[in-house]
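> Supplied in structure tokens, the structure appears directly below.
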Amino acid sequence: MGNRVYVQLQRGFTLIELLVVIAIITVLSSILFPVFGKVREKARQTMCASNQRQIGLGFLQYAQDYDDNLPGRIYGGQTFRAALEPYLKSGKGVRSVWKCPSNADQKSNIDVSGYISTFTLNNTMDHFATWKPGLPLNSVGELSDKILMTEIKVRIWTDYNSPWWTPTPTSVATLGYWGYGQVAHNGRSNYLFCDGHVKALKPTQTITPVNHWTYACDSVTADDPAEPMLSAMHWLEVANP
Ligand SMILES: [Zn+2]
């Protein structure tokens, strides 16, 4: 009995058997690797959405404490991220809630308060050009319809998506400080809405059938020479170079 086993082990694999095994492994891996890639990306997307949800809670708590006002993008010498820090206690670093795990850039995405972040305000949710406290939430209109924060790929120096001065960029160099959107989650980005919910949408879905970018604030129009619609259109252009 022992001898027979020994003889069989000695025989080993034939070349054909070996080639068949290699072929099977090759076919399986070519099928599975893209699936693994998508699963990993899905996990990062979930993490990103969870981060945004926490930030959303921070925004709402802030608004409760400040008479229904959102934090200004930069006000009192600090960015809205710093204004939310007492609520989030997440810090400024790459492991904070301000970072999407699908964005590897850790150097250019730093705001003037020192926060490394890949999330930025919808610029129509802030008084532009004047350093004011943020908009009152009750001026926004339907909260569950309006985007408050979105994902950016590079450059958030002034902390909002700031699209309307920017011609369609062809490179980071032509963008200067203004940045452009990140669409990293299998063709979608995560968006935080003003009621605190987070949804993954394709860029086109942010404008049709409902335009999720516009605001309904009386005071903004006076501050802000740009049309919100134009702003949204440019943002989409920029998000889809
Ligand atoms: Zn993300």
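Convention: chains lettered A, B, ... in structure tokens order; per-chain residue numbering from 1; ligands numbered from 1 as shown.
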Dump the neighbourhood of ligand 1 as a compact mmCIF listing (two decimals) with C-alpha atoms, in the first residue's frame: all residues within 6 Å, distances computed on only C-alpha atoms and all ligand atoms.


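For reference, pocket.txt as written:
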```txt
# COMPACT_ATOMS: atom_id res chain seq x y z
CA GLN A 45 -17.00 54.28 -2.15
CA CYS A 48 -16.22 57.78 1.30
CA CYS A 100 -12.02 59.99 -0.02
CA SER A 102 -10.13 56.61 -3.78
CA ASN A 190 -20.63 60.80 -3.79
```

> Can you tell me, as a PyMOL selection string, what residues are no more than 9 Å from stretch 79-85 of chain A when counting only C-alpha atoms, ignoring any on the same chain fewer than 2 positions away?

chain A and resi 55+58-59+61-62+70-77+87-92+98+111-115+117+121+134+158-159

> Restrict the selected residues to C-alpha atoms and save them as a CSV table (one decimal), in the first residue's frame.


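result.csv was written with the following content:
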```
chain,number,residue,atom,x,y,z
A,55,ILE,CA,-19.5,65.5,7.9
A,58,GLY,CA,-21.4,68.0,11.6
A,59,PHE,CA,-23.0,70.6,9.3
A,61,GLN,CA,-25.2,70.2,14.3
A,62,TYR,CA,-23.3,73.4,13.4
A,70,LEU,CA,-24.1,76.9,7.6
A,71,PRO,CA,-20.4,77.6,8.2
A,72,GLY,CA,-18.9,80.1,5.7
A,73,ARG,CA,-16.4,78.6,3.4
A,74,ILE,CA,-13.8,80.9,4.9
A,75,TYR,CA,-14.9,83.0,7.8
A,76,GLY,CA,-13.2,84.4,10.8
A,77,GLY,CA,-9.8,83.3,9.4
A,87,TYR,CA,-18.3,68.5,15.9
A,88,LEU,CA,-16.2,66.0,14.0
A,89,LYS,CA,-13.0,65.8,16.1
A,90,SER,CA,-11.4,64.1,13.1
A,91,GLY,CA,-8.2,66.2,12.6
A,92,LYS,CA,-6.5,67.5,9.5
A,98,TRP,CA,-12.3,64.8,5.0
A,111,ASP,CA,-7.0,74.1,2.6
A,112,VAL,CA,-5.8,77.4,4.2
A,113,SER,CA,-6.5,76.0,7.6
A,114,GLY,CA,-4.2,73.0,6.9
A,115,TYR,CA,-6.9,70.4,6.3
A,117,SER,CA,-9.4,67.1,2.1
A,121,LEU,CA,-18.5,72.9,-0.8
A,134,GLY,CA,-22.5,80.7,5.7
A,158,THR,CA,-10.3,78.4,-1.7
A,159,ASP,CA,-12.6,75.6,-0.6
```

> Taking only C-alpha atoms into account, name the residue in A:Lys146, A:Arg53, A:His185, A:Lys99 that is nearest to A:Arg40.

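Ranking A:Lys146, A:Arg53, A:His185, A:Lys99 by distance to A:Arg40, first place goes to A:His185.
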
> Would you mind reading off the distance between atom CA of A:Asn69 and atom CA of A:Val97, one decimal, in Å?

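Separation between atom CA of A:Asn69 and atom CA of A:Val97: 21.7 Å.
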
> Any idea what the distance is between atom CA of A:Thr14 and atom CA of A:Ser30?

24.5 Å

> What is the atom CA of A:Val198-atom CA of A:Ser139 distance in Å, reported with one decimal?

20.3 Å

> Using DSSP on the backbone coordinates, identify all residues within stretch 59-121 of chain A classified as strand (DSSP E or B); present the result as a VMD selection string.

chain A and resid 69 74 to 75 78 to 79 110 116 119 to 121

> Residues of the last selection are to be written out with N, CA and C atoms, as a CSV table (one decimal), in the first residue's frame.


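part_34.csv, freshly written:
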```csv
chain,number,residue,atom,x,y,z
A,69,ASN,N,-27.6,78.7,10.4
A,69,ASN,CA,-26.6,79.0,9.4
A,69,ASN,C,-25.6,77.9,9.2
A,74,ILE,N,-14.9,80.4,4.1
A,74,ILE,CA,-13.8,80.9,4.9
A,74,ILE,C,-14.3,82.1,5.7
A,75,TYR,N,-14.4,82.0,7.0
A,75,TYR,CA,-14.9,83.0,7.8
A,75,TYR,C,-14.2,83.1,9.1
A,78,GLN,N,-10.8,81.1,9.2
A,78,GLN,CA,-10.7,79.7,9.1
A,78,GLN,C,-11.7,79.1,8.1
A,79,THR,N,-11.4,77.9,7.6
A,79,THR,CA,-12.3,77.3,6.6
A,79,THR,C,-13.4,76.6,7.3
A,110,ILE,N,-4.9,70.7,0.2
A,110,ILE,CA,-4.8,71.2,1.5
A,110,ILE,C,-5.4,72.6,1.6
A,116,ILE,N,-6.2,68.5,5.0
A,116,ILE,CA,-6.1,67.7,3.8
A,116,ILE,C,-7.5,67.1,3.5
A,119,PHE,N,-13.0,66.7,-0.2
A,119,PHE,CA,-14.4,67.1,-0.3
A,119,PHE,C,-14.5,68.6,-0.3
A,120,THR,N,-15.4,69.2,-1.0
A,120,THR,CA,-15.5,70.6,-1.1
A,120,THR,C,-16.9,71.1,-1.2
A,121,LEU,N,-17.1,72.4,-0.8
A,121,LEU,CA,-18.5,72.9,-0.8
A,121,LEU,C,-19.0,73.1,-2.2
```
